[in-house]
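Engineer: Just passing along the structure, written as structure tokens.
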Amino acid sequence: MTSLTARQRELLDQWMPHARIVRDLSWGLVGTTVLLLDHQGQRYVAKAGDEQDTHLARELQAHRDWLEPWTSIHRAPELVHGDSDAKLLVTRYLPGELVEGTDHERRPETYRQAGQLLALLHEQFAIEDQDFEATEQLRSLGWLAKPHRIPPATVEKLRAEVESWPTPPSVLVPTHGDWQPRNWLIHEGTVSAIDFGRAGLRPAWTDFGRLAAQQFRRDPALEAALLDGYGGDPRDPEAWHRLAVRDAISTTVWAYQVGTEVYEQQGHRMIAEVLESLTRT
């Protein structure tokens, strides 16, 4: 447990004395440590954030406030222990394999189930918010001010586009924030959800953004299946366009910062597509 802080190791020893590390499940791109543990013959997953981490607090809030529709049917990990100050949580192990990279990623049934799960999360409650669009507009401009490899002329086009947007009120619901196959498990044909470090209150359609940039563009049948499971399409065209631009910017800059070439290339492709769409309107 050398990647954990002294406080995190102390808490794990208190919560689960003599727990054994089975496997390190950390993704490696961000400073989050994910460990599969064995304690008294049962398996658990511990997640710990580093000093720069901003995700563990959001994940703990999701577990405590929003995940009951999923945990009650065993479709998300159940929280066992958590400490937001220490940036540490422990959940019960949820069996299954990641959907990403398997045949299940290309099957409409996977997306139909994912849509059903998403509807359960979103339909818990909704609130009207006056500041979401304005806040996201400023965040996009902030991304453009950070180091990246977006050409200066493209930056100017993006900045002008973002600054031109209206900032109408939004309806916010509990969202996953990173809804895509790398955060889905499948076990005996059933899809479940993991990784809630980007959970937050947002418009429902924001949970479609990752899929639209990746799987939906490769196979429209997957989009149709997810919408069928979800029970409709909540996307407003103008708000959906703003999301596409925001996601293109943040993906490109974030990927450059963490040094992942694949996602940076995807981000540049996303930018080219949203700029092309502007010339057609």
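Simple scheme: letters A, B, ... for chains in structure tokens order, numbers from 1 for residues in each chain, numbers from 1 for ligands in the order shown.
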I'd like the contact shell of A:Ser170 - 8 Å cut-off, only C-alpha atoms, skipping same-chain residues fewer than 3 positions apart - returned as a tab-separated table (two decimals) with N, CA and C atoms, in the first residue's frame.

Structural biologist:
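Once everything was written out, this is part-v3.tsv:
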chain	number	residue	atom	x	y	z
A	128	GLU	N	-34.23	23.19	-10.93
A	128	GLU	CA	-33.88	24.22	-11.91
A	128	GLU	C	-32.70	25.02	-11.40
A	129	ASP	N	-31.76	25.31	-12.29
A	129	ASP	CA	-30.54	26.01	-11.91
A	129	ASP	C	-30.29	27.14	-12.90
A	130	GLN	N	-29.96	28.32	-12.39
A	130	GLN	CA	-29.73	29.48	-13.24
A	130	GLN	C	-28.28	29.60	-13.71
A	131	ASP	N	-27.36	28.88	-13.08
A	131	ASP	CA	-25.93	29.14	-13.28
A	131	ASP	C	-25.18	28.08	-14.06
A	132	PHE	N	-25.80	26.92	-14.34
A	132	PHE	CA	-25.04	25.82	-14.94
A	132	PHE	C	-24.38	26.22	-16.25
A	133	GLU	N	-25.14	26.81	-17.17
A	133	GLU	CA	-24.59	27.14	-18.48
A	133	GLU	C	-23.48	28.19	-18.37
A	203	PRO	N	-27.61	18.61	-16.47
A	203	PRO	CA	-28.71	18.20	-17.35
A	203	PRO	C	-28.56	16.72	-17.73

Engineer: List every residue of stretch 191-260 of chain A that DSSP, applied to the backbone, labels as alpha helix (DSSP H), and write the result as a ChimeraX atom specification.

Structural biologist: /A:209-213,215-218,220-230,237-258

Engineer: Put those residues in a file: N, CA and C atoms, as a compact mmCIF listing (two decimals), in the first residue's frame.

Structural biologist:
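Saved the output as selection_3.txt:
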# COMPACT_ATOMS: atom_id res chain seq x y z
N GLY A 209 -22.85 12.37 -23.69
CA GLY A 209 -21.77 12.99 -24.44
C GLY A 209 -20.62 12.06 -24.79
N ARG A 210 -20.14 11.26 -23.82
CA ARG A 210 -19.02 10.36 -24.08
C ARG A 210 -19.39 9.36 -25.17
N LEU A 211 -20.59 8.82 -25.09
CA LEU A 211 -21.03 7.82 -26.05
C LEU A 211 -21.16 8.42 -27.45
N ALA A 212 -21.68 9.64 -27.53
CA ALA A 212 -21.86 10.27 -28.83
C ALA A 212 -20.52 10.49 -29.54
N ALA A 213 -19.47 10.75 -28.76
CA ALA A 213 -18.16 11.00 -29.35
C ALA A 213 -17.44 9.71 -29.74
N GLN A 215 -18.86 5.52 -29.29
CA GLN A 215 -19.59 4.34 -29.76
C GLN A 215 -20.74 4.70 -30.70
N PHE A 216 -21.47 5.77 -30.43
CA PHE A 216 -22.63 6.10 -31.26
C PHE A 216 -22.22 6.44 -32.68
N ARG A 217 -21.07 7.09 -32.84
CA ARG A 217 -20.66 7.49 -34.19
C ARG A 217 -20.22 6.28 -35.01
N ARG A 218 -19.85 5.18 -34.33
CA ARG A 218 -19.45 3.97 -35.04
C ARG A 218 -20.64 3.09 -35.41
N PRO A 220 -24.93 3.57 -35.19
CA PRO A 220 -26.16 4.24 -34.75
C PRO A 220 -27.13 3.30 -34.02
N ALA A 221 -27.03 1.99 -34.25
CA ALA A 221 -27.93 1.06 -33.57
C ALA A 221 -27.70 1.08 -32.06
N LEU A 222 -26.49 1.39 -31.63
CA LEU A 222 -26.19 1.45 -30.20
C LEU A 222 -26.88 2.65 -29.56
N GLU A 223 -26.91 3.77 -30.27
CA GLU A 223 -27.61 4.95 -29.79
C GLU A 223 -29.11 4.68 -29.69
N ALA A 224 -29.66 4.04 -30.72
CA ALA A 224 -31.09 3.72 -30.71
C ALA A 224 -31.43 2.80 -29.54
N ALA A 225 -30.55 1.85 -29.26
CA ALA A 225 -30.81 0.91 -28.16
C ALA A 225 -30.77 1.63 -26.82
N LEU A 226 -29.79 2.52 -26.62
CA LEU A 226 -29.72 3.24 -25.35
C LEU A 226 -30.95 4.12 -25.15
N LEU A 227 -31.37 4.82 -26.21
CA LEU A 227 -32.55 5.68 -26.09
C LEU A 227 -33.80 4.86 -25.84
N ASP A 228 -33.87 3.66 -26.41
CA ASP A 228 -35.00 2.77 -26.15
C ASP A 228 -35.04 2.37 -24.69
N GLY A 229 -33.89 2.00 -24.14
CA GLY A 229 -33.84 1.65 -22.73
C GLY A 229 -34.12 2.83 -21.83
N TYR A 230 -33.65 4.00 -22.24
CA TYR A 230 -33.84 5.21 -21.43
C TYR A 230 -35.29 5.66 -21.43
N PRO A 237 -31.39 20.43 -29.12
CA PRO A 237 -30.32 20.59 -30.12
C PRO A 237 -29.29 21.67 -29.79
N GLU A 238 -29.73 22.83 -29.33
CA GLU A 238 -28.78 23.90 -29.05
C GLU A 238 -27.92 23.58 -27.84
N ALA A 239 -28.53 23.07 -26.79
CA ALA A 239 -27.77 22.70 -25.60
C ALA A 239 -26.84 21.53 -25.90
N TRP A 240 -27.29 20.62 -26.75
CA TRP A 240 -26.45 19.47 -27.14
C TRP A 240 -25.23 19.94 -27.93
N HIS A 241 -25.40 20.93 -28.78
CA HIS A 241 -24.25 21.48 -29.51
C HIS A 241 -23.24 22.10 -28.55
N ARG A 242 -23.74 22.85 -27.57
CA ARG A 242 -22.82 23.46 -26.61
C ARG A 242 -22.03 22.40 -25.85
N LEU A 243 -22.70 21.31 -25.50
CA LEU A 243 -22.00 20.22 -24.82
C LEU A 243 -20.92 19.62 -25.72
N ALA A 244 -21.23 19.42 -26.99
CA ALA A 244 -20.25 18.84 -27.91
C ALA A 244 -19.00 19.70 -27.99
N VAL A 245 -19.17 21.00 -28.04
CA VAL A 245 -18.01 21.90 -28.09
C VAL A 245 -17.24 21.84 -26.78
N ARG A 246 -17.95 21.89 -25.66
CA ARG A 246 -17.28 21.84 -24.35
C ARG A 246 -16.50 20.55 -24.19
N ASP A 247 -17.11 19.42 -24.57
CA ASP A 247 -16.44 18.13 -24.44
C ASP A 247 -15.22 18.04 -25.35
N ALA A 248 -15.32 18.60 -26.55
CA ALA A 248 -14.18 18.58 -27.47
C ALA A 248 -13.00 19.33 -26.88
N ILE A 249 -13.27 20.49 -26.30
CA ILE A 249 -12.19 21.29 -25.71
C ILE A 249 -11.59 20.58 -24.51
N SER A 250 -12.43 20.15 -23.57
CA SER A 250 -11.91 19.57 -22.33
C SER A 250 -11.18 18.25 -22.59
N THR A 251 -11.69 17.43 -23.51
CA THR A 251 -11.02 16.17 -23.82
C THR A 251 -9.62 16.42 -24.35
N THR A 252 -9.50 17.36 -25.27
CA THR A 252 -8.20 17.63 -25.91
C THR A 252 -7.19 18.16 -24.91
N VAL A 253 -7.60 19.12 -24.10
CA VAL A 253 -6.66 19.73 -23.16
C VAL A 253 -6.32 18.76 -22.04
N TRP A 254 -7.32 18.09 -21.49
CA TRP A 254 -7.07 17.11 -20.42
C TRP A 254 -6.12 16.02 -20.90
N ALA A 255 -6.35 15.49 -22.09
CA ALA A 255 -5.52 14.40 -22.60
C ALA A 255 -4.07 14.85 -22.78
N TYR A 256 -3.88 16.08 -23.21
CA TYR A 256 -2.51 16.60 -23.33
C TYR A 256 -1.86 16.69 -21.95
N GLN A 257 -2.61 17.14 -20.97
CA GLN A 257 -2.06 17.32 -19.63
C GLN A 257 -1.64 16.00 -18.99
N VAL A 258 -2.43 14.94 -19.22
CA VAL A 258 -2.09 13.65 -18.60
C VAL A 258 -1.24 12.78 -19.51

Engineer: Which of these, A:Arg58, A:Glu123, A:Pro77, A:Tyr93, has the shortest distance to A:Val22 once you count only C-alpha atoms?

Structural biologist: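 The answer is A:Tyr93, which sits nearest to A:Val22.
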
Engineer: Within 10 Å of A:Asp85, counting only C-alpha atoms, which residues show up once you throw out same-chain ones fewer than 4 positions away? Write them as a PyMOL selection string, please.

Structural biologist: chain A and resi 7-8+56-57

Engineer: Between A:His148, A:Ile127, A:Gln42, A:Thr54, which residue has the minimum interatomic distance to A:His268, considering only C-alpha atoms?

Structural biologist: A:His148

Engineer: Would you work out the distance separating atom CA of A:Gly96 from atom CA of A:Arg202, expressed in Å to one decimal?

Structural biologist: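 So the two atoms, atom CA of A:Gly96 and atom CA of A:Arg202, lie 28.2 Å apart.
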